[in-house]
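Undergrad: For reference, the structure I am asking about is given below.
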Amino acid sequence: MILKNSKKRNQIYQLIATSDEHLSAYDVLRICKERGYDLSLATIYNNLNCLSDENVIKRVKVPGYEDHFDRTLDDHDHFFCTCCHCLIDIDLDQQFNPYIDKYGNKFERRETTYFGLCSSCLKKNH
Ligand SMILES: [Zn+2]
Ligand SMILES: [Zn+2]
């Protein structure tokens with residue numbers, strides 16, 4: 001059973017809410033260990049699932065890789081580095097506006113993830 005406002009759940013939420021990065025469950029586990037929190041990977045997964053189901057945090061699916069968790073709830077696009085696995089928010093020049101295409105399909109939102117190498121990995125590899 002998962003307690004609604006358990007201490008563990010709150011610790012996990014605070015990690016996501018105060019991080020400038022998008023954390024995976026493994027990132028959360030690593031930080032918990034650094035801080036001396038006694039949380040298992042299963043507990044972390046359960047709580048991340050609950051928090052994202054309740055829209056307290058946002059799950060960002062990265063096809064082929066770990067899900068990441070984001071404190072920013074609005075729709076936005078991401079860049080994923082396939083070398084160091086960091087996930088970065090990107091600002092596209094073009095804002096997305098809902099529209100109906102020529103087939104009558106209504107496009108309501110966009111969340112795109114781009115893949116590549118981040119600037120620090122590019123520097124390391126050259
Ligand atoms: Zn990188
Ligand atoms: Zn984001």
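Letters for chains follow the order of the structure tokens (A, B, ...), residue numbers begin at 1 for each chain, and ligand numbers begin at 1 in the order shown.
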Report as a list in words all protein, DNA and RNA residues lying within 10 Å of Tyr26 in chain A, evaluated on only C-alpha atoms, omitting residues in the same chain fewer than 3 positions from it.

TA: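 The filter keeps Leu23, Leu29, Arg30, Ile31, Cys32, Leu41, Ile44, Tyr45, Glu66, Asp67 and His68 of chain A.
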
Undergrad: Please write the residues from the selection above to a file, keeping C-alpha atoms, as a PDB file, in the first residue's frame.

TA:
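Output below, filename part14.pdb:
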```pdb
ATOM      1  CA  LEU A  23      15.748  12.444 -13.681  1.00  0.00           C
ATOM      2  CA  LEU A  29      18.178   6.114  -6.709  1.00  0.00           C
ATOM      3  CA  ARG A  30      21.726   7.497  -7.057  1.00  0.00           C
ATOM      4  CA  ILE A  31      20.785  10.823  -5.441  1.00  0.00           C
ATOM      5  CA  CYS A  32      18.902   9.052  -2.628  1.00  0.00           C
ATOM      6  CA  LEU A  41      14.382   1.090  -6.721  1.00  0.00           C
ATOM      7  CA  ILE A  44      11.098   4.841  -6.334  1.00  0.00           C
ATOM      8  CA  TYR A  45       9.338   3.366  -9.379  1.00  0.00           C
ATOM      9  CA  GLU A  66      14.472   4.949 -19.451  1.00  0.00           C
ATOM     10  CA  ASP A  67      11.505   7.218 -18.783  1.00  0.00           C
ATOM     11  CA  HIS A  68      12.539  10.549 -17.321  1.00  0.00           C
TER      12      HIS A  68
END
```

Undergrad: Let me have all residues with an atom within 6 Å of ligand 2, counting only C-alpha atoms and all ligand atoms, laid out as an mmCIF file with C-alpha atoms, in the first residue's frame.

TA:
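Output saved as pocket33.cif:
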```cif
data_model
loop_
_atom_site.group_PDB
_atom_site.id
_atom_site.type_symbol
_atom_site.label_atom_id
_atom_site.label_comp_id
_atom_site.auth_asym_id
_atom_site.auth_seq_id
_atom_site.Cartn_x
_atom_site.Cartn_y
_atom_site.Cartn_z
ATOM 1 C CA ASP A 70 10.054 16.420 -15.287
ATOM 2 C CA THR A 72 7.575 21.207 -15.824
ATOM 3 C CA ASP A 89 14.285 21.107 -22.603
#
```

Undergrad: Step by step, measure atom-to-atom distances between ligand 1 and each residue using only C-alpha atoms and all ligand atoms, keep those at most 10 Å, then write them as a PDB file with N, CA and C atoms, in the first residue's frame.

TA:
```
ATOM      1  N   PHE A  80      17.442  14.579 -26.353  1.00  0.00           N
ATOM      2  CA  PHE A  80      18.030  13.495 -25.565  1.00  0.00           C
ATOM      3  C   PHE A  80      19.403  13.165 -26.115  1.00  0.00           C
ATOM      4  N   CYS A  81      20.411  13.139 -25.229  1.00  0.00           N
ATOM      5  CA  CYS A  81      21.774  12.785 -25.644  1.00  0.00           C
ATOM      6  C   CYS A  81      21.931  11.271 -25.548  1.00  0.00           C
ATOM      7  N   THR A  82      22.232  10.619 -26.665  1.00  0.00           N
ATOM      8  CA  THR A  82      22.350   9.155 -26.683  1.00  0.00           C
ATOM      9  C   THR A  82      23.679   8.701 -26.083  1.00  0.00           C
ATOM     10  N   CYS A  83      24.566   9.648 -25.757  1.00  0.00           N
ATOM     11  CA  CYS A  83      25.852   9.290 -25.143  1.00  0.00           C
ATOM     12  C   CYS A  83      25.737   9.309 -23.617  1.00  0.00           C
ATOM     13  N   CYS A  84      25.374  10.448 -23.032  1.00  0.00           N
ATOM     14  CA  CYS A  84      25.326  10.540 -21.560  1.00  0.00           C
ATOM     15  C   CYS A  84      23.902  10.412 -21.018  1.00  0.00           C
ATOM     16  N   HIS A  85      22.914  10.280 -21.914  1.00  0.00           N
ATOM     17  CA  HIS A  85      21.511  10.063 -21.536  1.00  0.00           C
ATOM     18  C   HIS A  85      20.903  11.235 -20.777  1.00  0.00           C
ATOM     19  N   CYS A  86      21.397  12.428 -21.004  1.00  0.00           N
ATOM     20  CA  CYS A  86      20.744  13.586 -20.395  1.00  0.00           C
ATOM     21  C   CYS A  86      19.574  14.023 -21.280  1.00  0.00           C
ATOM     22  N   LEU A  87      18.558  14.544 -20.655  1.00  0.00           N
ATOM     23  CA  LEU A  87      17.376  15.017 -21.375  1.00  0.00           C
ATOM     24  C   LEU A  87      17.252  16.508 -21.095  1.00  0.00           C
ATOM     25  N   ILE A  88      17.164  17.297 -22.165  1.00  0.00           N
ATOM     26  CA  ILE A  88      17.215  18.754 -22.039  1.00  0.00           C
ATOM     27  C   ILE A  88      15.947  19.350 -22.642  1.00  0.00           C
ATOM     28  N   GLY A 116      20.438  12.988 -30.215  1.00  0.00           N
ATOM     29  CA  GLY A 116      21.734  13.400 -30.756  1.00  0.00           C
ATOM     30  C   GLY A 116      22.782  13.392 -29.664  1.00  0.00           C
ATOM     31  N   LEU A 117      23.804  14.228 -29.842  1.00  0.00           N
ATOM     32  CA  LEU A 117      24.872  14.341 -28.847  1.00  0.00           C
ATOM     33  C   LEU A 117      24.846  15.739 -28.262  1.00  0.00           C
ATOM     34  N   CYS A 118      24.891  15.820 -26.928  1.00  0.00           N
ATOM     35  CA  CYS A 118      24.870  17.127 -26.278  1.00  0.00           C
ATOM     36  C   CYS A 118      26.225  17.815 -26.462  1.00  0.00           C
ATOM     37  N   SER A 119      26.285  19.096 -26.152  1.00  0.00           N
ATOM     38  CA  SER A 119      27.510  19.869 -26.419  1.00  0.00           C
ATOM     39  C   SER A 119      28.702  19.328 -25.640  1.00  0.00           C
ATOM     40  N   SER A 120      28.504  18.903 -24.386  1.00  0.00           N
ATOM     41  CA  SER A 120      29.678  18.427 -23.634  1.00  0.00           C
ATOM     42  C   SER A 120      30.155  17.071 -24.152  1.00  0.00           C
ATOM     43  N   CYS A 121      29.245  16.198 -24.598  1.00  0.00           N
ATOM     44  CA  CYS A 121      29.682  14.925 -25.187  1.00  0.00           C
ATOM     45  C   CYS A 121      30.398  15.160 -26.520  1.00  0.00           C
ATOM     46  N   LEU A 122      29.924  16.114 -27.289  1.00  0.00           N
ATOM     47  CA  LEU A 122      30.589  16.434 -28.556  1.00  0.00           C
ATOM     48  C   LEU A 122      32.022  16.882 -28.307  1.00  0.00           C
ATOM     49  N   LYS A 123      32.206  17.714 -27.280  1.00  0.00           N
ATOM     50  CA  LYS A 123      33.556  18.192 -26.949  1.00  0.00           C
ATOM     51  C   LYS A 123      34.445  17.042 -26.514  1.00  0.00           C
ATOM     52  N   LYS A 124      33.883  16.132 -25.699  1.00  0.00           N
ATOM     53  CA  LYS A 124      34.675  15.004 -25.194  1.00  0.00           C
ATOM     54  C   LYS A 124      35.151  14.086 -26.326  1.00  0.00           C
TER      55      LYS A 124
END
```

Undergrad: Could you tell me, as a list in words, which residues of range 28-86 of chain A DSSP assigns to strand (DSSP E or B) when given the backbone?

TA: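 After running DSSP on the backbone, range 28-86 of chain A has strand (DSSP E or B) at Lys58, Arg59, Val60, His68, Phe69, Asp70, Asp77, His78, Phe79, Phe80 and Cys81 of chain A.
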
Undergrad: Could you pull out all residues of chain A with a DSSP call of alpha helix (DSSP H) and give them as a PyMOL selection string?

TA: chain A and resi 7-18+25-35+41-53+119-124

Undergrad: Convert the current residue selection to file output with C-alpha atoms, as an mmCIF file, in the first residue's frame.

TA:
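What follows is the written file result07.cif:
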```cif
data_model
loop_
_atom_site.group_PDB
_atom_site.id
_atom_site.type_symbol
_atom_site.label_atom_id
_atom_site.label_comp_id
_atom_site.auth_asym_id
_atom_site.auth_seq_id
_atom_site.Cartn_x
_atom_site.Cartn_y
_atom_site.Cartn_z
ATOM 1 C CA LYS A 7 7.811 10.639 3.789
ATOM 2 C CA LYS A 8 9.359 8.599 0.979
ATOM 3 C CA ARG A 9 6.937 9.917 -1.568
ATOM 4 C CA ASN A 10 7.697 13.441 -0.453
ATOM 5 C CA GLN A 11 11.452 12.879 -0.657
ATOM 6 C CA ILE A 12 11.093 11.620 -4.214
ATOM 7 C CA TYR A 13 8.812 14.470 -5.182
ATOM 8 C CA GLN A 14 11.250 17.030 -3.759
ATOM 9 C CA LEU A 15 14.116 15.529 -5.764
ATOM 10 C CA ILE A 16 12.198 16.002 -9.015
ATOM 11 C CA ALA A 17 10.778 19.396 -8.064
ATOM 12 C CA THR A 18 14.147 20.891 -7.126
ATOM 13 C CA ALA A 25 14.408 6.283 -11.626
ATOM 14 C CA TYR A 26 18.111 5.325 -11.560
ATOM 15 C CA ASP A 27 19.117 8.977 -11.184
ATOM 16 C CA VAL A 28 16.690 9.273 -8.260
ATOM 17 C CA LEU A 29 18.178 6.114 -6.709
ATOM 18 C CA ARG A 30 21.726 7.497 -7.057
ATOM 19 C CA ILE A 31 20.785 10.823 -5.441
ATOM 20 C CA CYS A 32 18.902 9.052 -2.628
ATOM 21 C CA LYS A 33 22.014 7.019 -1.867
ATOM 22 C CA GLU A 34 24.173 10.162 -1.867
ATOM 23 C CA ARG A 35 21.797 11.786 0.609
ATOM 24 C CA LEU A 41 14.382 1.090 -6.721
ATOM 25 C CA ALA A 42 10.910 -0.531 -6.514
ATOM 26 C CA THR A 43 9.716 2.151 -4.070
ATOM 27 C CA ILE A 44 11.098 4.841 -6.334
ATOM 28 C CA TYR A 45 9.338 3.366 -9.379
ATOM 29 C CA ASN A 46 6.028 3.041 -7.511
ATOM 30 C CA ASN A 47 6.133 6.617 -6.301
ATOM 31 C CA LEU A 48 7.242 8.060 -9.635
ATOM 32 C CA ASN A 49 4.347 6.191 -11.269
ATOM 33 C CA CYS A 50 1.845 7.544 -8.732
ATOM 34 C CA LEU A 51 3.151 11.102 -8.903
ATOM 35 C CA SER A 52 3.013 11.144 -12.690
ATOM 36 C CA ASP A 53 -0.428 9.476 -12.778
ATOM 37 C CA SER A 119 27.510 19.869 -26.419
ATOM 38 C CA SER A 120 29.678 18.427 -23.634
ATOM 39 C CA CYS A 121 29.682 14.925 -25.187
ATOM 40 C CA LEU A 122 30.589 16.434 -28.556
ATOM 41 C CA LYS A 123 33.556 18.192 -26.949
ATOM 42 C CA LYS A 124 34.675 15.004 -25.194
#
```

Undergrad: Could you work out how far CA of Ile57 in chain A lies from CA of Ser19 in chain A, giving the answer in Å with one decimal?

TA: 11.9 Å

Undergrad: Would you mind reading off the distance between CA of Phe115 in chain A and CA of Asp75 in chain A, one decimal, in Å?

TA: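 Taking CA of Phe115 in chain A as the start and CA of Asp75 in chain A as the end point, the length is 17.9 Å.
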
Undergrad: Take CA of Glu54 in chain A and CA of Leu73 in chain A and report the distance between them in Å, one decimal.

TA: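 CA of Glu54 in chain A sits 11.3 Å away from CA of Leu73 in chain A.
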